[in-house]
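Chemist: So I've got this file, work31.cif, and it contains mmCIF, C-alpha atoms and all ligand atoms:
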```
data_final
loop_
_atom_site.label_atom_id
_atom_site.label_comp_id
_atom_site.auth_asym_id
_atom_site.auth_seq_id
_atom_site.Cartn_x
_atom_site.Cartn_y
_atom_site.Cartn_z
CA MET A 296 38.37 -39.74 10.33
CA ALA A 297 35.33 -39.12 8.17
CA ALA A 298 34.77 -41.58 5.37
CA THR A 299 35.82 -40.14 2.04
CA THR A 300 33.27 -41.91 -0.12
CA THR A 301 31.93 -38.76 -1.67
CA THR A 302 32.67 -38.80 -5.36
CA THR A 303 33.54 -35.69 -7.26
CA THR A 304 30.20 -35.81 -9.08
CA ALA A 305 28.29 -35.39 -5.83
CA THR A 306 29.83 -31.98 -5.35
CA LYS A 307 28.40 -30.55 -8.56
CA VAL A 308 25.78 -27.92 -7.91
CA LEU A 309 24.28 -27.90 -11.39
CA LEU A 310 22.84 -30.93 -13.10
CA THR A 311 24.38 -29.93 -16.43
CA ASP A 312 27.81 -30.65 -14.97
CA LEU A 313 26.77 -33.80 -13.14
CA ALA A 314 24.77 -35.42 -15.93
CA SER A 315 27.65 -35.65 -18.37
CA SER A 316 29.67 -37.76 -15.96
CA VAL A 317 27.17 -40.36 -14.70
CA ASN A 318 25.70 -43.47 -16.29
CA HIS A 319 23.17 -44.00 -13.49
CA VAL A 320 20.73 -41.59 -11.97
CA PRO A 321 22.17 -40.59 -8.55
CA SER A 322 19.98 -41.68 -5.64
CA ASN A 323 18.69 -38.20 -4.79
CA TYR A 324 16.99 -38.05 -8.22
CA ILE A 325 15.21 -41.41 -7.91
CA ARG A 326 11.47 -41.17 -7.27
CA PRO A 327 9.64 -43.65 -5.05
CA ILE A 328 8.16 -46.49 -7.14
CA SER A 329 4.62 -45.15 -6.73
CA ASP A 330 5.64 -41.82 -8.20
CA ARG A 331 7.55 -42.52 -11.39
CA PRO A 332 6.71 -41.41 -14.92
CA ASN A 333 4.98 -44.05 -16.96
CA LEU A 334 6.79 -43.59 -20.24
CA SER A 335 4.82 -46.14 -22.24
CA ASP A 336 1.22 -45.45 -21.19
CA VAL A 337 0.93 -42.06 -22.84
CA GLN A 338 -1.71 -41.02 -25.35
CA SER A 339 -0.15 -40.05 -28.63
CA SER A 340 -0.34 -37.23 -31.10
CA ASP A 341 -3.82 -37.61 -32.55
CA ALA A 342 -5.25 -37.00 -29.09
CA SER A 343 -3.10 -33.91 -28.63
CA ILE A 344 -4.21 -30.45 -27.58
CA PRO A 345 -6.01 -28.11 -30.04
CA LEU A 346 -4.05 -26.04 -32.56
CA ILE A 347 -5.54 -22.57 -33.08
CA ASP A 348 -4.63 -20.40 -36.06
CA LEU A 349 -4.47 -16.75 -34.97
CA GLN A 350 -4.45 -15.47 -38.55
CA GLY A 351 -7.51 -13.26 -38.86
CA LEU A 352 -7.94 -12.63 -35.14
CA GLN A 353 -8.24 -8.96 -36.04
CA GLY A 354 -10.34 -9.69 -39.12
CA PRO A 355 -13.29 -11.71 -40.36
CA SER A 356 -12.47 -14.84 -38.33
CA HIS A 357 -12.43 -12.90 -35.06
CA SER A 358 -15.48 -14.40 -33.38
CA ASN A 359 -14.66 -17.89 -34.58
CA ILE A 360 -11.14 -17.71 -33.12
CA ILE A 361 -12.44 -16.30 -29.84
CA LYS A 362 -14.82 -19.23 -29.64
CA GLN A 363 -12.02 -21.75 -30.24
CA ILE A 364 -9.91 -20.10 -27.56
CA GLY A 365 -12.80 -20.18 -25.09
CA GLN A 366 -13.46 -23.85 -25.71
CA ALA A 367 -9.79 -24.76 -25.37
CA CYS A 368 -9.45 -22.84 -22.09
CA GLN A 369 -12.54 -24.46 -20.69
CA GLN A 370 -12.00 -28.03 -21.82
CA GLU A 371 -8.23 -28.43 -22.01
CA GLY A 372 -6.54 -25.55 -20.26
CA PHE A 373 -3.92 -25.91 -23.00
CA PHE A 374 -3.71 -25.06 -26.70
CA GLN A 375 -1.14 -24.45 -29.41
CA ILE A 376 -1.08 -21.38 -31.63
CA LYS A 377 0.25 -20.67 -35.11
CA ASN A 378 0.45 -17.41 -37.08
CA HIS A 379 1.16 -15.75 -33.75
CA GLY A 380 3.29 -12.96 -35.21
CA ILE A 381 6.62 -13.92 -33.64
CA PRO A 382 9.21 -14.24 -36.44
CA GLU A 383 10.87 -17.62 -36.99
CA THR A 384 14.30 -15.99 -36.85
CA LEU A 385 13.59 -14.73 -33.34
CA ILE A 386 12.49 -18.20 -32.27
CA SER A 387 15.69 -19.77 -33.50
CA THR A 388 17.78 -16.98 -32.00
CA ILE A 389 16.34 -17.46 -28.51
CA MET A 390 16.82 -21.23 -28.76
CA ASP A 391 20.46 -20.73 -29.82
CA ILE A 392 21.04 -18.36 -26.93
CA ALA A 393 19.61 -20.89 -24.48
CA ARG A 394 21.70 -23.71 -25.90
CA GLU A 395 24.86 -21.59 -25.84
CA PHE A 396 24.19 -20.47 -22.29
CA PHE A 397 24.02 -24.03 -20.97
CA ARG A 398 27.20 -24.89 -22.87
CA LEU A 399 29.22 -22.18 -21.19
CA PRO A 400 31.91 -23.34 -18.78
CA GLU A 401 30.60 -24.20 -15.32
CA SER A 402 32.44 -21.28 -13.72
CA GLU A 403 30.78 -18.85 -16.12
CA ARG A 404 27.28 -20.23 -15.54
CA MET A 405 27.79 -20.33 -11.76
CA LYS A 406 28.06 -16.52 -11.72
CA SER A 407 24.25 -16.49 -12.04
CA TYR A 408 23.58 -19.27 -9.51
CA SER A 409 21.24 -18.81 -6.56
CA ASP A 410 18.95 -21.10 -4.59
CA ASP A 411 16.81 -18.20 -3.37
CA PRO A 412 13.43 -18.21 -5.21
CA THR A 413 12.84 -14.53 -4.46
CA LYS A 414 15.80 -13.42 -6.60
CA THR A 415 14.68 -11.83 -9.83
CA THR A 416 17.50 -13.31 -11.92
CA ARG A 417 18.95 -16.68 -11.08
CA LEU A 418 20.28 -19.92 -12.41
CA SER A 419 19.24 -22.91 -10.36
CA THR A 420 18.55 -26.59 -10.55
CA SER A 421 15.63 -28.97 -9.96
CA PHE A 422 12.72 -26.90 -8.53
CA ASN A 423 13.49 -25.62 -5.04
CA VAL A 424 16.60 -27.30 -3.66
CA LYS A 425 15.98 -25.85 -0.22
CA THR A 426 12.65 -27.59 0.37
CA GLU A 427 12.37 -30.67 -1.84
CA LYS A 428 13.21 -34.25 -0.93
CA VAL A 429 13.81 -35.64 -4.42
CA SER A 430 15.60 -33.64 -7.09
CA ASN A 431 14.40 -33.13 -10.65
CA TRP A 432 16.44 -33.62 -13.80
CA ARG A 433 16.54 -29.98 -14.79
CA ASP A 434 18.60 -26.80 -14.61
CA PHE A 435 16.89 -23.50 -15.25
CA LEU A 436 17.69 -19.86 -15.69
CA ARG A 437 14.83 -17.75 -14.39
CA LEU A 438 14.52 -14.12 -15.42
CA HIS A 439 12.10 -11.39 -14.50
CA CYS A 440 11.57 -9.40 -17.66
CA TYR A 441 9.01 -6.65 -17.19
CA PRO A 442 9.64 -3.76 -17.07
CA LEU A 443 12.74 -4.73 -19.04
CA GLU A 444 14.89 -1.82 -17.94
CA HIS A 445 14.57 -2.89 -14.30
CA TYR A 446 16.04 -6.29 -14.92
CA VAL A 447 18.23 -6.47 -18.02
CA LYS A 448 21.35 -5.37 -16.15
CA GLU A 449 21.03 -8.35 -13.78
CA TRP A 450 20.95 -10.84 -16.64
CA PRO A 451 23.97 -12.88 -17.70
CA SER A 452 26.13 -10.99 -20.18
CA ASN A 453 27.37 -14.17 -21.77
CA PRO A 454 26.65 -15.26 -24.54
CA PRO A 455 27.50 -11.68 -25.59
CA SER A 456 24.22 -10.98 -27.36
CA PHE A 457 22.15 -12.30 -24.43
CA TRP A 458 20.74 -8.96 -23.27
CA GLU A 459 19.82 -7.78 -26.72
CA ASP A 460 18.34 -11.03 -28.03
CA VAL A 461 16.43 -11.99 -24.90
CA ALA A 462 15.05 -8.46 -24.55
CA GLU A 463 13.79 -8.55 -28.12
CA TYR A 464 12.17 -11.93 -27.51
CA CYS A 465 10.49 -10.69 -24.31
CA THR A 466 9.09 -7.64 -26.04
CA SER A 467 7.74 -9.71 -28.87
CA VAL A 468 6.17 -12.33 -26.57
CA ARG A 469 4.60 -9.59 -24.47
CA ARG A 470 2.85 -8.20 -27.54
CA LEU A 471 1.47 -11.67 -28.19
CA VAL A 472 0.39 -12.19 -24.56
CA LEU A 473 -1.46 -8.88 -24.57
CA ARG A 474 -3.42 -9.99 -27.64
CA LEU A 475 -4.17 -13.30 -25.98
CA ARG A 476 -5.22 -11.58 -22.78
CA GLU A 477 -7.78 -9.55 -24.72
CA ALA A 478 -8.98 -12.59 -26.61
CA ILE A 479 -9.34 -14.60 -23.41
CA SER A 480 -11.25 -11.72 -21.77
CA GLU A 481 -13.60 -11.64 -24.72
CA SER A 482 -14.00 -15.40 -24.71
CA LEU A 483 -15.29 -15.12 -21.14
CA GLY A 484 -17.95 -12.71 -22.37
CA LEU A 485 -16.16 -9.76 -20.77
CA GLU A 486 -14.84 -6.48 -22.12
CA ARG A 487 -11.49 -6.82 -23.86
CA ASP A 488 -9.62 -4.87 -21.19
CA CYS A 489 -11.29 -6.59 -18.26
CA ILE A 490 -8.33 -8.75 -17.18
CA GLU A 491 -6.01 -5.79 -17.54
CA LYS A 492 -8.24 -3.69 -15.30
CA ALA A 493 -8.57 -6.45 -12.73
CA LEU A 494 -4.89 -7.21 -12.39
CA GLY A 495 -3.07 -3.92 -12.44
CA LYS A 496 0.34 -3.66 -14.00
CA GLN A 497 1.30 -7.16 -14.92
CA GLY A 498 4.71 -8.72 -14.64
CA GLN A 499 6.45 -11.07 -16.98
CA GLN A 500 8.99 -13.73 -16.14
CA MET A 501 10.65 -16.36 -18.22
CA ALA A 502 12.71 -19.48 -17.79
CA LEU A 503 15.22 -21.27 -19.92
CA ASN A 504 14.59 -24.87 -18.87
CA TYR A 505 17.44 -27.22 -19.68
CA TYR A 506 17.01 -30.99 -19.46
CA PRO A 507 20.27 -32.88 -20.08
CA PRO A 508 20.05 -36.42 -21.46
CA CYS A 509 19.21 -38.80 -18.63
CA PRO A 510 20.63 -42.34 -18.37
CA GLN A 511 17.46 -43.69 -16.66
CA PRO A 512 14.49 -41.50 -17.59
CA GLU A 513 12.02 -43.98 -16.05
CA LEU A 514 13.27 -43.16 -12.55
CA THR A 515 12.95 -39.40 -12.44
CA TYR A 516 11.15 -36.32 -13.75
CA GLY A 517 12.34 -33.20 -15.52
CA LEU A 518 9.50 -31.47 -13.71
CA PRO A 519 6.86 -33.46 -11.81
CA GLY A 520 3.14 -32.72 -12.23
CA HIS A 521 2.20 -29.16 -11.36
CA THR A 522 -0.03 -26.32 -12.42
CA ASP A 523 1.46 -22.92 -13.17
CA PRO A 524 0.87 -20.34 -10.42
CA ASN A 525 0.64 -17.35 -12.79
CA LEU A 526 -2.03 -16.11 -15.21
CA ILE A 527 -1.03 -17.32 -18.69
CA THR A 528 2.03 -19.28 -19.80
CA ILE A 529 3.44 -19.22 -23.35
CA LEU A 530 5.76 -22.13 -23.95
CA LEU A 531 8.33 -22.62 -26.69
CA GLN A 532 9.61 -26.16 -27.29
CA ASP A 533 12.85 -26.81 -29.13
CA GLU A 534 13.23 -28.31 -32.58
CA ILE A 535 15.42 -31.10 -31.27
CA ALA A 536 12.37 -32.50 -29.61
CA ILE A 537 10.68 -32.36 -32.99
CA LEU A 538 13.39 -34.28 -34.81
CA LEU A 539 13.27 -37.17 -32.41
CA GLN A 540 9.81 -38.46 -33.05
CA ASP A 541 10.71 -41.89 -31.63
CA ASP A 542 11.27 -40.32 -28.27
CA VAL A 543 8.54 -39.65 -25.82
CA PRO A 544 7.85 -35.92 -26.19
CA GLY A 545 8.89 -34.18 -23.01
CA LEU A 546 5.78 -32.22 -22.18
CA GLN A 547 2.71 -34.10 -20.98
CA VAL A 548 -0.68 -32.75 -20.03
CA LEU A 549 -3.26 -34.50 -17.85
CA ARG A 550 -6.65 -35.15 -19.45
CA ASP A 551 -9.23 -37.49 -17.89
CA ASP A 552 -6.54 -38.96 -15.63
CA LYS A 553 -4.32 -39.82 -18.62
CA TRP A 554 -1.09 -38.13 -19.64
CA ILE A 555 -1.22 -36.73 -23.17
CA ALA A 556 2.10 -36.09 -24.89
CA VAL A 557 2.27 -32.71 -26.59
CA ASN A 558 4.08 -33.28 -29.87
CA PRO A 559 6.02 -30.19 -30.80
CA ILE A 560 5.01 -28.47 -34.06
CA PRO A 561 7.70 -26.19 -35.53
CA ASN A 562 7.17 -22.47 -34.96
CA THR A 563 4.14 -22.82 -32.76
CA PHE A 564 3.74 -21.84 -29.14
CA ILE A 565 1.87 -23.70 -26.45
CA VAL A 566 -0.44 -21.59 -24.31
CA ASN A 567 -1.70 -22.71 -20.94
CA ILE A 568 -4.01 -21.30 -18.35
CA GLY A 569 -2.42 -20.72 -14.94
CA ASP A 570 -3.93 -20.76 -11.46
CA GLN A 571 -4.68 -17.02 -11.44
CA MET A 572 -6.76 -17.31 -14.59
CA GLN A 573 -8.70 -20.17 -13.01
CA VAL A 574 -9.35 -17.89 -10.02
CA LEU A 575 -10.33 -14.91 -12.20
CA SER A 576 -12.73 -17.00 -14.24
CA ASN A 577 -14.19 -18.56 -11.10
CA ASP A 578 -13.16 -22.04 -12.22
CA GLN A 579 -14.60 -21.76 -15.75
CA TYR A 580 -11.11 -21.99 -17.19
CA LYS A 581 -8.85 -24.75 -15.99
CA SER A 582 -5.29 -24.59 -14.81
CA VAL A 583 -4.34 -28.14 -15.76
CA LEU A 584 -1.65 -30.44 -14.37
CA HIS A 585 1.33 -30.96 -16.63
CA GLN A 586 4.78 -32.47 -16.30
CA ALA A 587 8.06 -32.83 -18.15
CA VAL A 588 9.70 -36.22 -18.64
CA VAL A 589 13.28 -36.67 -19.80
CA ASN A 590 14.92 -38.94 -22.35
CA CYS A 591 18.25 -40.67 -22.70
CA ASN A 592 19.25 -39.39 -26.14
CA LYS A 593 19.16 -35.65 -26.31
CA GLU A 594 19.18 -32.51 -24.25
CA ARG A 595 15.88 -30.63 -24.35
CA ILE A 596 15.26 -26.92 -24.02
CA LEU A 597 11.93 -25.38 -23.13
CA ILE A 598 11.34 -21.69 -22.80
CA PRO A 599 8.24 -20.73 -20.85
CA THR A 600 7.12 -17.13 -20.46
CA PHE A 601 4.99 -16.55 -17.39
CA TYR A 602 2.60 -13.66 -17.43
CA CYS A 603 1.76 -12.73 -13.83
CA PRO A 604 -0.46 -10.33 -11.91
CA SER A 605 1.48 -7.57 -10.21
CA ASN A 606 2.59 -8.69 -6.78
CA ASP A 607 0.27 -6.62 -4.63
CA VAL A 608 -3.08 -6.63 -6.40
CA ILE A 609 -6.07 -8.04 -4.54
CA ASP A 610 -9.07 -8.45 -6.69
CA ASP A 611 -12.12 -8.76 -4.50
CA ASP A 612 -14.65 -8.13 -7.28
CA TYR A 613 -14.02 -11.44 -8.93
CA ILE A 614 -13.00 -13.80 -6.21
CA ALA A 615 -15.76 -15.98 -4.91
CA ILE A 616 -14.48 -19.53 -4.78
CA TYR A 617 -11.12 -18.33 -3.58
CA ARG A 618 -10.25 -16.06 -0.72
CA ASN A 619 -8.48 -12.76 -1.29
CA PHE A 620 -4.73 -12.95 -1.69
CA THR A 621 -1.87 -11.15 -3.34
CA TYR A 622 0.31 -12.68 -6.01
CA ALA A 623 3.32 -12.21 -3.73
CA GLU A 624 1.68 -14.46 -1.15
CA TYR A 625 0.69 -16.98 -3.79
CA SER A 626 4.20 -17.20 -5.28
CA GLU A 627 5.73 -17.75 -1.88
CA LYS A 628 3.40 -20.68 -1.16
CA PHE A 629 4.06 -22.10 -4.63
CA TRP A 630 7.82 -22.17 -4.30
CA ASN A 631 7.89 -23.51 -0.75
CA ARG A 632 5.26 -26.21 -0.91
CA GLY A 633 7.07 -28.58 -3.30
CA LEU A 634 5.51 -29.74 -6.54
CA ALA A 635 3.17 -32.66 -7.00
CA THR A 636 1.72 -32.54 -3.53
CA GLU A 637 -1.42 -30.58 -2.73
CA ARG A 638 -2.64 -28.23 -5.45
CA CYS A 639 -1.53 -24.77 -4.50
CA LEU A 640 -4.94 -23.35 -5.50
CA ASP A 641 -6.75 -25.51 -2.95
CA MET A 642 -4.89 -23.72 -0.19
CA PHE A 643 -6.70 -20.51 -1.19
CA LYS A 644 -10.28 -21.78 -1.36
CA THR A 645 -12.83 -20.09 0.86
CA SER A 646 -14.25 -22.46 3.45
CA SER A 647 -17.70 -22.36 1.86
CA ALA A 648 -16.43 -23.31 -1.63
C1 LIG A 701 7.06 -24.90 -16.38
C2 LIG A 701 6.74 -26.02 -17.26
C3 LIG A 701 7.41 -27.53 -18.98
C4 LIG A 701 8.66 -28.00 -19.57
O1 LIG A 701 8.23 -24.44 -16.42
O2 LIG A 701 6.15 -24.47 -15.65
O3 LIG A 701 5.66 -26.57 -17.18
O4 LIG A 701 8.60 -29.01 -20.31
N1 LIG A 701 7.66 -26.44 -18.13
O5 LIG A 701 9.71 -27.41 -19.31
NI NI A 702 4.40 -25.50 -15.92
#
```
Would it be possible to restate this file's structure as structure tokens?
Ligand code: OGA
Ligand code: NI
Modeler:
Amino acid sequence: MAATTTTTTATKVLLTDLASSVNHVPSNYIRPISDRPNLSDVQSSDASIPLIDLQGLQGPSHSNIIKQIGQACQQEGFFQIKNHGIPETLISTIMDIAREFFRLPESERMKSYSDDPTKTTRLSTSFNVKTEKVSNWRDFLRLHCYPLEHYVKEWPSNPPSFWEDVAEYCTSVRRLVLRLREAISESLGLERDCIEKALGKQGQQMALNYYPPCPQPELTYGLPGHTDPNLITILLQDEIAILLQDDVPGLQVLRDDKWIAVNPIPNTFIVNIGDQMQVLSNDQYKSVLHQAVVNCNKERILIPTFYCPSNDVIDDDYIAIYRNFTYAEYSEKFWNRGLATERCLDMFKTSSA
């Protein structure tokens, strides 16, 4: 007879339901010793990424703000923005929705579960459970959200205001991304609509990343080091992370081989350059490695919006260092390769580069 050593916890599909019942990190979440987060050797707040005030982007400070954006994209690949035009009430609404979603009963959440990365709406766990060897301390709900009317009906209908609130958030973030896209175009010395022209009709996806408290955060990652495969990412961190200043902030960015903790500032967004922007700018702008670490006290919620090229565009006017590819091909490589191994971008370099 087969040994019946499997505990009930091992049968949980989602981390949210496993985490509440364990006081050790299960073995499939434990990283090899050479690949664990160093929670103490992290540069602190005063070394953090630039904060750019978007007030006046349409006015007298225009060229100054464009310059700041250009410098941040070139040197850091990451910056924070304030006076971005997204109302505080909308920010707290989307955070509440995310929190409520992950508090729904397991059976309700599981209605959205899928381990297939090509699905346009899905709840899943870790990164790609089909290909990875070690799991990550994260659950996530991934949603395609542009054009909205194509996708809203696939979204969870619980919490009851999910469709309405998330749709409003997506619309608002898209307006912001479009302004940033123009500003970034300009900062490269190009026409404002240059990126738009190069990339065709652009998609938008988002994730609700949920990191439950972790009994042994030194053994595992929320998300190991990676760069984002898309064009621009707009990240919203939760206030809980802000209240717990003694904790290591969850998001860390690599600068000069050191991890910099990004301290959350209320009502700001974090913007980062993705791989496609590095390609478009011919390596002038950097898609920088970042990771999420977990903590033992509090759940954390992070809501990234990923702005992506349309799936089939090939832009041969701009690509020199990289070979021609479609975003569909790029995404497939990204999801199947596993994080923290080879940089996905390197797989697309031309042989002469
Ligand atoms: C991502 C990401 C950071 C975080 O989803 O690509 O970098 O802390 N998230 O969730
Ligand atoms: Ni990322």
Chemist: Dump the neighbourhood of ligand NI 702 (chain A) as a list in words: all residues within 8 Å, distances computed on all atoms listed in the file.
Modeler: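 Counting all atoms listed in the file, the residues within 8 Å of ligand NI 702 (chain A) come out as His521, Thr522, Asp523, Thr528, Leu584, His585, Gln586 and Pro599 of chain A.
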Chemist: Find the residues near ligand LIG 701 (chain A). Use a cut-off of 10 Å, count all atoms listed in the file, and write them as number ranges by chain.
Modeler: A: 422, 433, 435, 437, 501-506, 517-525, 528-532, 544-548, 557, 567, 569, 584-589, 595-601
Chemist: Smallest atom-to-atom distance to Gln370 of chain A: which of A:Asn631, A:Asn592, A:Gln499, A:Gln579, using all atoms listed in the file?
Modeler: A:Gln579
Chemist: Can you work out the spacing between atom CA of Ile527 of chain A and atom CA of Ser430 of chain A in Å, to one decimal?
Modeler: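 Answer for the atom CA of Ile527 of chain A to atom CA of Ser430 of chain A separation: 26.0 Å.
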Chemist: When you draw a straight line from atom CA of Gly372 of chain A to atom CA of Ile568 of chain A, how long is it in Å?
Modeler: 5.3 Å
Chemist: Report as lines of an AutoDock Vina configuration file the centre and the edge lengths, in Å to one decimal, of the axis-aligned box holding every listed atom of segment 313-321 of chain A, padded by 8 Å on each side.
Modeler:
```
center_x = 25.2
center_y = -38.9
center_z = -13.5
size_x = 24.9
size_y = 26.2
size_z = 25.8
```
Chemist: For Phe374 of chain A, find every residue with an atom within 7 Å (counting all atoms listed in the file), except residues of its own chain fewer than 6 positions away, and show them as a list in words.
Modeler: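 Returned residues: Ile344, Pro345, Leu346, Ala367, Ile565, Val566 and Asn567 of chain A.
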Chemist: So which one's closest to Leu494 of chain A, A:Ser407, A:Asn606, A:Asn431, A:Gln511? Using all atoms listed in the file, please.
Modeler: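 Under the stated criterion, the closest residue is A:Asn606.
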Chemist: Could you check which of A:Ile361, A:Trp554, A:Val461, A:Arg469 is closest to Arg487 of chain A, using only C-alpha atoms?
Modeler: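 Selected residue with least distance to Arg487 of chain A: A:Ile361.
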Chemist: Just give me the gap between atom CA of Asp578 of chain A and atom CA of Leu640 of chain A in Å, one decimal is fine.
Modeler: 10.7 Å
Chemist: Can you list, as a list in words, every protein, DNA or RNA residue that comes within 10 Å of Lys377 of chain A when you count only C-alpha atoms, leaving out same-chain residues fewer than 2 positions away?
Modeler: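 Close residues of Lys377 of chain A: Leu346, Ile347, Asp348, Leu349, Gln350, Gln375, His379, Gly380, Ile381, Ile560, Pro561, Asn562, Thr563, Phe564 and Ile565 of chain A.
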Chemist: When you count all atoms listed in the file, which of these residues is closest to Glu481 of chain A: A:Trp630, A:Arg638, A:Tyr625, A:Gly365?
Modeler: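 Closest candidate: A:Gly365.
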Chemist: Hey, which of A:Gln369, A:Asn423, A:Ser605, A:Thr645 ends up closest to Lys492 of chain A? Count only C-alpha atoms.
Modeler: A:Ser605
Chemist: List the spatial neighbours of Lys448 of chain A as a PyMOL selection string - criterion: any atom at most 9 Å away, all atoms listed in the file, same-chain residues fewer than 4 positions off excluded.
Modeler: chain A and resi 444+452+458
Chemist: Which of these residues is nearest to Leu549 of chain A, using only C-alpha atoms: A:Trp450, A:Glu371, A:Pro321, A:Tyr441?
Modeler: A:Glu371
Chemist: Find the residues around Asp336 of chain A up to 12 Å (all atoms listed in the file counted), leave out those fewer than 4 positions away in its own chain, and share them as an MDAnalysis selection string.
Modeler: chainID A and resid 332 543 547 552:556
Chemist: Find the residues around Ile328 of chain A up to 12 Å (only C-alpha atoms counted), leave out those fewer than 3 positions away in its own chain, and share them as a PyMOL selection string.
Modeler: chain A and resi 325+331-333+513-515
